[in-house]
Amino acid sequence: MKKIKLSAIFVAAVLGRMTDLASRLSRKMKSSVTIAVLVAIAVLAGHTVSAQITPPSQPLASLKTVPIPGPDYTGYVTDKSKAIALGKALFWDMQVGSDGLQSCASCHFKAGVDNRAKNQLNPGILRVDAIGEPAPDTTFSLGGPNYTLKARDFPFHKLTDVNNRNSTVISDIDDVASSQGVFNTKFVSITPGNPKDNVTQIDDPTFNVNNIETRQVEPRNTPTMINAVFNFRNFWDGRAQNYFNGVNPFGLRDPNAKLYKAANSLTTPQQVSIKLKNSSLASQAVGPPISSFEMSADGRTFQDVGNKVVGKNLLKKRRAGLKLPRKTGKKLLSTSLKPLAGQRVAVDDSTLGIYRAPNGKGLNKNYNQLIKDAFEPEWWNSPWSIQVDKTDGSRQPVLLSAGSIVEPNKEAYTLMEYNFSLFFGLAIQLYESTLVSDNAPIDQYFDGNKNALTGQQLRGKQLFEGSAKCINCHGGAEFTNASVKNVRDQRLERMIMGDGEQAVYDNGFYNIGVRPTTDDLGVGDKDPFGNPLSESRVAQLGKFKQLLGEDPNITVSPDQRIAADGAFKTSTLRNVELTAPYFHNGGTLTLKQVVEFYNRGGDFHEQNIKNLDADIENLNLSDQNKDDLVAFLKALTDERVRYDKAPFDHPQLFIPNGHPGSEISVTDDGTGKATDALLEIPAVGRNGGSSTPNFLAP
């Protein structure tokens with residue numbers, strides 16, 4: 001059957017007269033049968049409906065058939081291979097964090113996710129602002145700071161009958177299993193060349209044990225960055241925009257996101273806006289380094305980080321919690337700070353081996369040199385500097401010629417430092433674009449090897465594509481409807497919700513009843529500028545072109561219902577065998593528990609009914625059906641990911657693994673903070689190593 005993609009979203013008047021019939025025909029408007037019948041009825045009723053016929057869902061396929069999305073790098077990148085090396089170094093470098101320890105990879109070291117079990121609980125959130133900073137519920141349901149999760153804690157929503165969501169609730173935990181980040185600190189300054197920022201400790205009312213501060217824990221479970229290049233938007237709530245503005249995650253939503261560009265070293269730099277399409281990975285990459293939960297002391301900027309490695313920290317600007325990147329650049333661009341200093345690099349590292357320092361630790365080039373090798377000079381080559389206000393980063397920057405004196409309470413950045421967020425975002429995007437797992441048994445099957453799947457996996461595949469309804473949200477070779485290929489031509493869809501009423505929703509984002517809608521609004525929340533994160537609501541405001549940069553004819557009537565609250569980006573299922581715990585709250589441990597969740601129609605079906613995806617209903621799967629589905633999901637594992645083989649090899653990493661002691665008692669390091677326990681992730685070369693255990697694996 002075929003699915004109708006309507007030119008405007010539908011004719012409201014026609015739909016109004018057809019609601020009852022539509023509900024009887026199907027609960028889901030993205031169903032091909034329902035839409036086809038509605039169009040037929042519209043025609044019979046004398047109405048003209050402009051439509052284009054497209055497949056009802058994304059058929060499964062080998063990932064080798066999908067082109068890797070990305071922008072045109074012309075005018076930005078001079079050498080992609082060198083930019084990839086820069087991106088890999090930045091991603092794994094512990095010096096990027098304010099504490100000289102926390103890297104991007106600290107939460108993405110195992111199949112792109114995090115398998116730590118100690119100090120991995122957040123008490124749950126009522127709301128999350130648009131850069132990921134939580135408004136926390138300070139009361140833990142389970143353990144507390146520095147608690148060690150156990151298999152018996154899962155699933156977080158326990159029932160007497162796993163097949164019946166209305167059976168007696170044994171326990172319900174509203175905490176989130178996630179990833180530990182940094183201590184709660186305030187940024188003071190950077191010392192160029194020093195991997196640790198100068199910070200002051202802030203008393204944390206939530207993350208402490210007997211008033212000794214512990215590392216904060218993120219408010220949502222860590223998603224994998226492997227295959228994330230295929231996502232149209234990134235982060236669970238989609239705030240990392242498809243268009244990269246060169247500064248922060250918010251794309252065209254931030255009209256003040258500007259960089260400087262110098263045509264040559266003799267001309268005055270000009271302020272410019274950046275608009276790079278299919279770059280949500282770059283948008284995502286520039287968020288964590290200035291998040292005061294993940295990697296940064298509060299108030300640090302991207303310029304500061306760059307000054308630390310080339311030369312500074314991010315410019316501080318707060319507007320509903322918004323911080324702009326400035327300081328990060330100063331830190332990393334110091335010529336005395338060597339990339340990956342103190343971290344071993346394998347001699348046969350598939351990307352960094354040729355840059356490996358003679359002693360085996362770090363690289364033989366500094367970040368300043370790596371940027372010059374990878375990026376066009378107009379973004380970094382100028383004798384001019386940019387002066388910004390230390391206390392109010394929103395004020396217009398001032399250009400300073402060489403030798404000019406910096407005014408009091410101002411700070412000056414070189415062009416390379418000021419534009420460091422551009423280099424950071426694009427380099428990491430290019431690196432992560434190489435992390436594509438396209439050789440799992442499912443790929444081999446579609447490539448022509450019909451023996452790649454077992455009989456049980458073939459039965460599971462049939463269920464996945466049929467009565468289990470998995471493919472309705474996890475379609476395509478990417479195994480997610482949130483992919484660039486699926487979303488780019490149909491940003492919004494209409495469907496019948498769980499309550500039988502129609503609504504428009506963001507394609508690829510669904511409320512599936514994991515937690516009550518009010519626990520976390522997901523894509524139903526707002527950005528720092530007060531605009532909806534939901535593209536459906538942006539369209540309803542008539543701001544689609546302004547904020548999202550696309551067809552201004554995409555509109556939604558003011559009285560049209562929107563299904564966005566409690567909806568989250570559909571995760572890829574590739575390598576899902578390796579990426580526990582599951583869902584945005586990390587509340588499910590095993591694939592069997594995940595299948596049981598869907599079989600009973602979710603956990604908060606009735607409570608979320610107005611926003612619930614209509615496919616979340618009783619599936620009546622047998623025990624054999626469940627086992628077959630789990631077996632099929634394991635056919636999505638690429639063995640290169642399991643064993644860290646190229647391109648998934650990496651440098652050595654030391655990660656915080658909670659604190660010595662327990663949730664009852666920790667040791668003070670002498671500054672009021674709990675002593676860190678560090679876990680080593682050894683360097684691995686292109687041929688891989690031993691498999692890292694899964695989360696809470698026996």
# chains A, B, ... in the order shown; residues from 1 in each chain; ligands from 1
>>> select_by_dssp(residues="stretch 462-644 of chain A", states="helix (DSSP H, G or I)", output="PyMOL selection string")
chain A and resi 462-465+470-472+484-487+517-519+535-540+544-548+576-578+591-599+623-634+639-642
>>> select_by_dssp(residues="stretch 132-211 of chain A", states="strand (DSSP E or B)", output="JSON, numbers by chain")
{"A": [134, 135, 136, 148, 157, 158, 159, 169, 170, 171, 172, 176, 177, 180, 185, 186, 187, 188, 189, 198, 199, 200, 201, 208, 209]}
>>> residues_around(residues="stretch 224-233 of chain A", least_positions_apart="2", cutoff="6 Å", atoms="only C-alpha atoms", output="ChimeraX atom specification")
/A:112-113,238,240-242,280,433,435-436,482-484
>>> write_last_selection(atoms="all heavy atoms", output="PDB file, in the first residue's frame")
ATOM      1  N   GLY A 112      29.816   3.298  21.609  1.00  0.00           N
ATOM      2  CA  GLY A 112      29.239   4.634  21.504  1.00  0.00           C
ATOM      3  C   GLY A 112      28.439   5.063  22.703  1.00  0.00           C
ATOM      4  O   GLY A 112      27.880   6.168  22.723  1.00  0.00           O
ATOM      5  N   VAL A 113      28.361   4.216  23.743  1.00  0.00           N
ATOM      6  CA  VAL A 113      27.592   4.560  24.942  1.00  0.00           C
ATOM      7  C   VAL A 113      28.478   4.385  26.179  1.00  0.00           C
ATOM      8  O   VAL A 113      29.700   4.424  26.098  1.00  0.00           O
ATOM      9  CB  VAL A 113      26.293   3.721  25.043  1.00  0.00           C
ATOM     10  CG1 VAL A 113      25.368   4.028  23.879  1.00  0.00           C
ATOM     11  CG2 VAL A 113      26.601   2.225  25.088  1.00  0.00           C
ATOM     12  N   GLY A 238      16.015  16.586  20.160  1.00  0.00           N
ATOM     13  CA  GLY A 238      16.175  17.161  18.830  1.00  0.00           C
ATOM     14  C   GLY A 238      16.689  18.584  18.815  1.00  0.00           C
ATOM     15  O   GLY A 238      16.627  19.245  17.779  1.00  0.00           O
ATOM     16  N   ALA A 240      19.689  19.709  18.816  1.00  0.00           N
ATOM     17  CA  ALA A 240      20.834  19.890  17.921  1.00  0.00           C
ATOM     18  C   ALA A 240      20.300  19.952  16.491  1.00  0.00           C
ATOM     19  O   ALA A 240      19.900  18.953  15.911  1.00  0.00           O
ATOM     20  CB  ALA A 240      21.827  18.754  18.079  1.00  0.00           C
ATOM     21  N   GLN A 241      20.297  21.151  15.934  1.00  0.00           N
ATOM     22  CA  GLN A 241      19.599  21.425  14.687  1.00  0.00           C
ATOM     23  C   GLN A 241      20.322  20.866  13.460  1.00  0.00           C
ATOM     24  O   GLN A 241      21.541  20.703  13.447  1.00  0.00           O
ATOM     25  CB  GLN A 241      19.418  22.925  14.523  1.00  0.00           C
ATOM     26  CG  GLN A 241      18.591  23.571  15.631  1.00  0.00           C
ATOM     27  CD  GLN A 241      17.150  23.107  15.619  1.00  0.00           C
ATOM     28  OE1 GLN A 241      16.355  23.518  14.776  1.00  0.00           O
ATOM     29  NE2 GLN A 241      16.792  22.245  16.566  1.00  0.00           N
ATOM     30  N   ASN A 242      19.544  20.602  12.416  1.00  0.00           N
ATOM     31  CA  ASN A 242      20.111  20.096  11.170  1.00  0.00           C
ATOM     32  C   ASN A 242      21.067  21.109  10.549  1.00  0.00           C
ATOM     33  O   ASN A 242      22.071  20.732   9.943  1.00  0.00           O
ATOM     34  CB  ASN A 242      18.988  19.746  10.190  1.00  0.00           C
ATOM     35  CG  ASN A 242      19.499  19.097   8.926  1.00  0.00           C
ATOM     36  OD1 ASN A 242      19.705  19.760   7.903  1.00  0.00           O
ATOM     37  ND2 ASN A 242      19.723  17.793   8.975  1.00  0.00           N
ATOM     38  N   SER A 280      23.749  18.187  11.908  1.00  0.00           N
ATOM     39  CA  SER A 280      23.299  18.136  13.302  1.00  0.00           C
ATOM     40  C   SER A 280      24.349  17.516  14.213  1.00  0.00           C
ATOM     41  O   SER A 280      24.338  17.759  15.420  1.00  0.00           O
ATOM     42  CB  SER A 280      21.975  17.373  13.421  1.00  0.00           C
ATOM     43  OG  SER A 280      22.145  15.998  13.132  1.00  0.00           O
ATOM     44  N   SER A 433      31.354  10.894  11.306  1.00  0.00           N
ATOM     45  CA  SER A 433      30.807  10.421  10.036  1.00  0.00           C
ATOM     46  C   SER A 433      31.506   9.161   9.548  1.00  0.00           C
ATOM     47  O   SER A 433      30.994   8.468   8.659  1.00  0.00           O
ATOM     48  CB  SER A 433      30.926  11.520   8.969  1.00  0.00           C
ATOM     49  OG  SER A 433      30.141  12.647   9.306  1.00  0.00           O
ATOM     50  N   LEU A 435      32.141   6.732  11.685  1.00  0.00           N
ATOM     51  CA  LEU A 435      31.705   5.695  12.626  1.00  0.00           C
ATOM     52  C   LEU A 435      30.385   5.098  12.163  1.00  0.00           C
ATOM     53  O   LEU A 435      29.322   5.295  12.769  1.00  0.00           O
ATOM     54  CB  LEU A 435      31.602   6.276  14.036  1.00  0.00           C
ATOM     55  CG  LEU A 435      32.875   6.944  14.569  1.00  0.00           C
ATOM     56  CD1 LEU A 435      32.666   7.458  15.982  1.00  0.00           C
ATOM     57  CD2 LEU A 435      34.066   5.984  14.514  1.00  0.00           C
ATOM     58  N   VAL A 436      30.438   4.397  11.064  1.00  0.00           N
ATOM     59  CA  VAL A 436      29.270   3.793  10.432  1.00  0.00           C
ATOM     60  C   VAL A 436      29.409   2.274  10.504  1.00  0.00           C
ATOM     61  O   VAL A 436      30.380   1.713   9.985  1.00  0.00           O
ATOM     62  CB  VAL A 436      29.132   4.254   8.969  1.00  0.00           C
ATOM     63  CG1 VAL A 436      27.993   3.515   8.279  1.00  0.00           C
ATOM     64  CG2 VAL A 436      28.914   5.761   8.912  1.00  0.00           C
ATOM     65  N   ALA A 482      13.949   8.780  12.436  1.00  0.00           N
ATOM     66  CA  ALA A 482      14.503  10.118  12.646  1.00  0.00           C
ATOM     67  C   ALA A 482      15.678  10.389  11.721  1.00  0.00           C
ATOM     68  O   ALA A 482      16.419  11.351  11.919  1.00  0.00           O
ATOM     69  CB  ALA A 482      14.929  10.284  14.102  1.00  0.00           C
ATOM     70  N   SER A 483      15.851   9.578  10.697  1.00  0.00           N
ATOM     71  CA  SER A 483      16.995   9.695   9.802  1.00  0.00           C
ATOM     72  C   SER A 483      16.834  10.843   8.810  1.00  0.00           C
ATOM     73  O   SER A 483      15.723  11.282   8.505  1.00  0.00           O
ATOM     74  CB  SER A 483      17.183   8.397   9.020  1.00  0.00           C
ATOM     75  OG  SER A 483      16.105   8.201   8.114  1.00  0.00           O
ATOM     76  N   VAL A 484      17.962  11.304   8.297  1.00  0.00           N
ATOM     77  CA  VAL A 484      17.954  12.350   7.273  1.00  0.00           C
ATOM     78  C   VAL A 484      17.134  11.901   6.077  1.00  0.00           C
ATOM     79  O   VAL A 484      16.304  12.648   5.546  1.00  0.00           O
ATOM     80  CB  VAL A 484      19.403  12.683   6.831  1.00  0.00           C
ATOM     81  CG1 VAL A 484      19.407  13.585   5.593  1.00  0.00           C
ATOM     82  CG2 VAL A 484      20.160  13.346   7.969  1.00  0.00           C
TER      83      VAL A 484
END
>>> residues_around(residues="A:Pro71", least_positions_apart="5", cutoff="7 Å", atoms="only C-alpha atoms", output="list in words")
Leu276, Lys277, Asn278 and Ser279 of chain A
>>> residues_around(residues="A:Lys485", least_positions_apart="6", cutoff="10 Å", atoms="only C-alpha atoms", output="list in words")
Gln58, Val66, Pro67, Ile68, Pro69, Phe230, Asn231, Phe232, Gly476, Ala477 and Glu478 of chain A
>>> residues_around(residues="A:Leu678", least_positions_apart="5", cutoff="7 Å", atoms="only C-alpha atoms", output="NGL selection string")
:A and (654-657)
>>> write_last_selection(atoms="N, CA, C and O atoms", output="short mmCIF file (atom, residue, chain, number, x, y, z; two decimals), in the first residue's frame")
data_model
loop_
_atom_site.label_atom_id
_atom_site.label_comp_id
_atom_site.auth_asym_id
_atom_site.auth_seq_id
_atom_site.Cartn_x
_atom_site.Cartn_y
_atom_site.Cartn_z
N PHE A 654 41.08 7.60 30.48
CA PHE A 654 40.82 7.38 31.90
C PHE A 654 39.51 8.08 32.23
O PHE A 654 39.34 9.27 31.96
N ILE A 655 38.58 7.34 32.81
CA ILE A 655 37.26 7.89 33.08
C ILE A 655 36.93 7.78 34.56
O ILE A 655 37.29 6.80 35.22
N PRO A 656 36.24 8.78 35.12
CA PRO A 656 35.77 8.66 36.50
C PRO A 656 34.77 7.51 36.60
O PRO A 656 33.88 7.37 35.76
N ASN A 657 34.94 6.70 37.62
CA ASN A 657 34.04 5.56 37.83
C ASN A 657 33.50 5.63 39.24
O ASN A 657 33.74 4.77 40.09
#
>>> residues_around(residues="stretch 94-99 of chain A", least_positions_apart="5", cutoff="9 Å", atoms="only C-alpha atoms", output="PyMOL selection string")
chain A and resi 104-106+182-183+187+190+194-199+289-290+294-297+300+305-306+308-309+328+331-332+337+339-341+343+653-655
>>> closest_residue(among="A:Tyr431, A:Phe207, A:Phe479, A:Phe446", to="A:Leu352", atoms="only C-alpha atoms")
A:Tyr431
>>> atom_distance(atom1="atom CA of A:Ala567", atom2="atom CA of A:Asp237")
7.7 Å
>>> closest_residue(among="A:His650, A:Asp644, A:Asn625, A:Tyr355", to="A:Ser690", atoms="only C-alpha atoms")
A:Asp644
>>> closest_residue(among="A:Asn264, A:Ser665, A:Ser691, A:Asn234", to="A:Gln429", atoms="only C-alpha atoms")
A:Asn234
>>> decode(residues="stretch 569-605 of chain A", atoms="N, CA, C and O atoms", output="JSON list (two decimals), in the first residue's frame")
[["chain", "number", "residue", "atom", "x", "y", "z"],
["A", 569, "LYS", "N", 13.34, 11.52, 20.22],
["A", 569, "LYS", "CA", 13.89, 11.02, 18.96],
["A", 569, "LYS", "C", 13.99, 9.50, 19.01],
["A", 569, "LYS", "O", 14.46, 8.93, 19.99],
["A", 570, "THR", "N", 13.57, 8.86, 17.93],
["A", 570, "THR", "CA", 13.68, 7.41, 17.83],
["A", 570, "THR", "C", 15.14, 7.01, 17.66],
["A", 570, "THR", "O", 15.80, 7.43, 16.70],
["A", 571, "SER", "N", 15.64, 6.21, 18.57],
["A", 571, "SER", "CA", 17.04, 5.77, 18.51],
["A", 571, "SER", "C", 17.22, 4.70, 17.45],
["A", 571, "SER", "O", 16.32, 3.90, 17.18],
["A", 572, "THR", "N", 18.42, 4.66, 16.85],
["A", 572, "THR", "CA", 18.74, 3.54, 15.98],
["A", 572, "THR", "C", 18.80, 2.26, 16.80],
["A", 572, "THR", "O", 19.17, 2.28, 17.99],
["A", 573, "LEU", "N", 18.46, 1.15, 16.19],
["A", 573, "LEU", "CA", 18.56, -0.15, 16.85],
["A", 573, "LEU", "C", 19.84, -0.88, 16.48],
["A", 573, "LEU", "O", 20.08, -1.99, 16.97],
["A", 574, "ARG", "N", 20.64, -0.29, 15.63],
["A", 574, "ARG", "CA", 21.90, -0.94, 15.27],
["A", 574, "ARG", "C", 22.82, -1.03, 16.50],
["A", 574, "ARG", "O", 22.94, -0.07, 17.25],
["A", 575, "ASN", "N", 23.40, -2.21, 16.67],
["A", 575, "ASN", "CA", 24.28, -2.51, 17.81],
["A", 575, "ASN", "C", 23.56, -2.43, 19.15],
["A", 575, "ASN", "O", 24.19, -2.28, 20.20],
["A", 576, "VAL", "N", 22.23, -2.52, 19.13],
["A", 576, "VAL", "CA", 21.45, -2.35, 20.35],
["A", 576, "VAL", "C", 21.79, -3.42, 21.38],
["A", 576, "VAL", "O", 21.62, -3.20, 22.60],
["A", 577, "GLU", "N", 22.29, -4.55, 20.95],
["A", 577, "GLU", "CA", 22.73, -5.60, 21.87],
["A", 577, "GLU", "C", 23.80, -5.09, 22.83],
["A", 577, "GLU", "O", 23.93, -5.57, 23.96],
["A", 578, "LEU", "N", 24.55, -4.06, 22.39],
["A", 578, "LEU", "CA", 25.72, -3.58, 23.15],
["A", 578, "LEU", "C", 25.46, -2.28, 23.90],
["A", 578, "LEU", "O", 26.36, -1.78, 24.57],
["A", 579, "THR", "N", 24.25, -1.70, 23.79],
["A", 579, "THR", "CA", 24.07, -0.31, 24.23],
["A", 579, "THR", "C", 23.13, -0.13, 25.43],
["A", 579, "THR", "O", 22.57, 0.94, 25.61],
["A", 580, "ALA", "N", 22.95, -1.17, 26.25],
["A", 580, "ALA", "CA", 22.15, -1.01, 27.46],
["A", 580, "ALA", "C", 22.80, 0.02, 28.40],
["A", 580, "ALA", "O", 24.02, 0.22, 28.35],
["A", 581, "PRO", "N", 21.99, 0.66, 29.27],
["A", 581, "PRO", "CA", 20.54, 0.52, 29.45],
["A", 581, "PRO", "C", 19.76, 1.28, 28.38],
["A", 581, "PRO", "O", 20.33, 2.12, 27.68],
["A", 582, "TYR", "N", 18.46, 1.03, 28.29],
["A", 582, "TYR", "CA", 17.68, 1.50, 27.17],
["A", 582, "TYR", "C", 16.66, 2.58, 27.55],
["A", 582, "TYR", "O", 16.31, 2.75, 28.71],
["A", 583, "PHE", "N", 16.19, 3.27, 26.52],
["A", 583, "PHE", "CA", 15.24, 4.38, 26.58],
["A", 583, "PHE", "C", 15.90, 5.64, 27.16],
["A", 583, "PHE", "O", 17.01, 5.59, 27.69],
["A", 584, "HIS", "N", 15.19, 6.76, 27.03],
["A", 584, "HIS", "CA", 15.79, 8.04, 27.43],
["A", 584, "HIS", "C", 16.05, 8.12, 28.92],
["A", 584, "HIS", "O", 16.86, 8.93, 29.37],
["A", 585, "ASN", "N", 15.38, 7.27, 29.71],
["A", 585, "ASN", "CA", 15.61, 7.28, 31.16],
["A", 585, "ASN", "C", 16.56, 6.17, 31.59],
["A", 585, "ASN", "O", 16.87, 6.06, 32.79],
["A", 586, "GLY", "N", 17.02, 5.35, 30.65],
["A", 586, "GLY", "CA", 17.93, 4.26, 31.00],
["A", 586, "GLY", "C", 17.33, 3.26, 31.96],
["A", 586, "GLY", "O", 18.04, 2.61, 32.71],
["A", 587, "GLY", "N", 16.01, 3.12, 31.92],
["A", 587, "GLY", "CA", 15.33, 2.33, 32.93],
["A", 587, "GLY", "C", 15.09, 0.88, 32.60],
["A", 587, "GLY", "O", 14.39, 0.19, 33.34],
["A", 588, "THR", "N", 15.66, 0.40, 31.50],
["A", 588, "THR", "CA", 15.46, -0.99, 31.09],
["A", 588, "THR", "C", 16.81, -1.61, 30.80],
["A", 588, "THR", "O", 17.64, -1.03, 30.10],
["A", 589, "LEU", "N", 17.05, -2.82, 31.30],
["A", 589, "LEU", "CA", 18.37, -3.43, 31.27],
["A", 589, "LEU", "C", 18.59, -4.34, 30.07],
["A", 589, "LEU", "O", 19.66, -4.34, 29.46],
["A", 590, "THR", "N", 17.60, -5.16, 29.72],
["A", 590, "THR", "CA", 17.80, -6.20, 28.71],
["A", 590, "THR", "C", 16.87, -6.00, 27.52],
["A", 590, "THR", "O", 15.83, -5.36, 27.62],
["A", 591, "LEU", "N", 17.24, -6.62, 26.41],
["A", 591, "LEU", "CA", 16.38, -6.56, 25.23],
["A", 591, "LEU", "C", 15.07, -7.28, 25.48],
["A", 591, "LEU", "O", 14.02, -6.88, 24.95],
["A", 592, "LYS", "N", 15.11, -8.33, 26.28],
["A", 592, "LYS", "CA", 13.86, -9.03, 26.64],
["A", 592, "LYS", "C", 12.93, -8.08, 27.38],
["A", 592, "LYS", "O", 11.71, -8.04, 27.10],
["A", 593, "GLN", "N", 13.45, -7.27, 28.30],
["A", 593, "GLN", "CA", 12.61, -6.30, 29.01],
["A", 593, "GLN", "C", 12.06, -5.24, 28.06],
["A", 593, "GLN", "O", 10.93, -4.79, 28.22],
["A", 594, "VAL", "N", 12.85, -4.85, 27.07],
["A", 594, "VAL", "CA", 12.38, -3.88, 26.08],
["A", 594, "VAL", "C", 11.20, -4.45, 25.30],
["A", 594, "VAL", "O", 10.18, -3.79, 25.10],
["A", 595, "VAL", "N", 11.33, -5.69, 24.84],
["A", 595, "VAL", "CA", 10.25, -6.33, 24.08],
["A", 595, "VAL", "C", 9.00, -6.48, 24.95],
["A", 595, "VAL", "O", 7.87, -6.26, 24.49],
["A", 596, "GLU", "N", 9.19, -6.82, 26.22],
["A", 596, "GLU", "CA", 8.05, -6.93, 27.14],
["A", 596, "GLU", "C", 7.36, -5.59, 27.32],
["A", 596, "GLU", "O", 6.12, -5.52, 27.40],
["A", 597, "PHE", "N", 8.13, -4.52, 27.37],
["A", 597, "PHE", "CA", 7.57, -3.17, 27.48],
["A", 597, "PHE", "C", 6.62, -2.88, 26.31],
["A", 597, "PHE", "O", 5.48, -2.44, 26.49],
["A", 598, "TYR", "N", 7.10, -3.14, 25.10],
["A", 598, "TYR", "CA", 6.26, -2.88, 23.93],
["A", 598, "TYR", "C", 5.08, -3.84, 23.86],
["A", 598, "TYR", "O", 3.97, -3.47, 23.44],
["A", 599, "ASN", "N", 5.27, -5.06, 24.29],
["A", 599, "ASN", "CA", 4.20, -6.06, 24.22],
["A", 599, "ASN", "C", 3.00, -5.66, 25.06],
["A", 599, "ASN", "O", 1.85, -5.94, 24.70],
["A", 600, "ARG", "N", 3.25, -4.99, 26.20],
["A", 600, "ARG", "CA", 2.14, -4.61, 27.09],
["A", 600, "ARG", "C", 1.58, -3.22, 26.77],
["A", 600, "ARG", "O", 0.72, -2.71, 27.48],
["A", 601, "GLY", "N", 2.11, -2.59, 25.72],
["A", 601, "GLY", "CA", 1.61, -1.27, 25.35],
["A", 601, "GLY", "C", 2.17, -0.16, 26.19],
["A", 601, "GLY", "O", 1.49, 0.84, 26.47],
["A", 602, "GLY", "N", 3.45, -0.31, 26.60],
["A", 602, "GLY", "CA", 4.11, 0.73, 27.38],
["A", 602, "GLY", "C", 3.75, 0.66, 28.85],
["A", 602, "GLY", "O", 2.97, -0.18, 29.29],
["A", 603, "ASP", "N", 4.33, 1.57, 29.63],
["A", 603, "ASP", "CA", 4.10, 1.58, 31.08],
["A", 603, "ASP", "C", 3.13, 2.67, 31.52],
["A", 603, "ASP", "O", 2.49, 2.54, 32.56],
["A", 604, "PHE", "N", 3.03, 3.75, 30.76],
["A", 604, "PHE", "CA", 2.14, 4.85, 31.14],
["A", 604, "PHE", "C", 1.20, 5.17, 29.97],
["A", 604, "PHE", "O", 1.05, 6.31, 29.56],
["A", 605, "HIS", "N", 0.60, 4.11, 29.48],
["A", 605, "HIS", "CA", -0.27, 4.18, 28.30],
["A", 605, "HIS", "C", -1.45, 5.13, 28.53],
["A", 605, "HIS", "O", -1.66, 6.08, 27.78]]
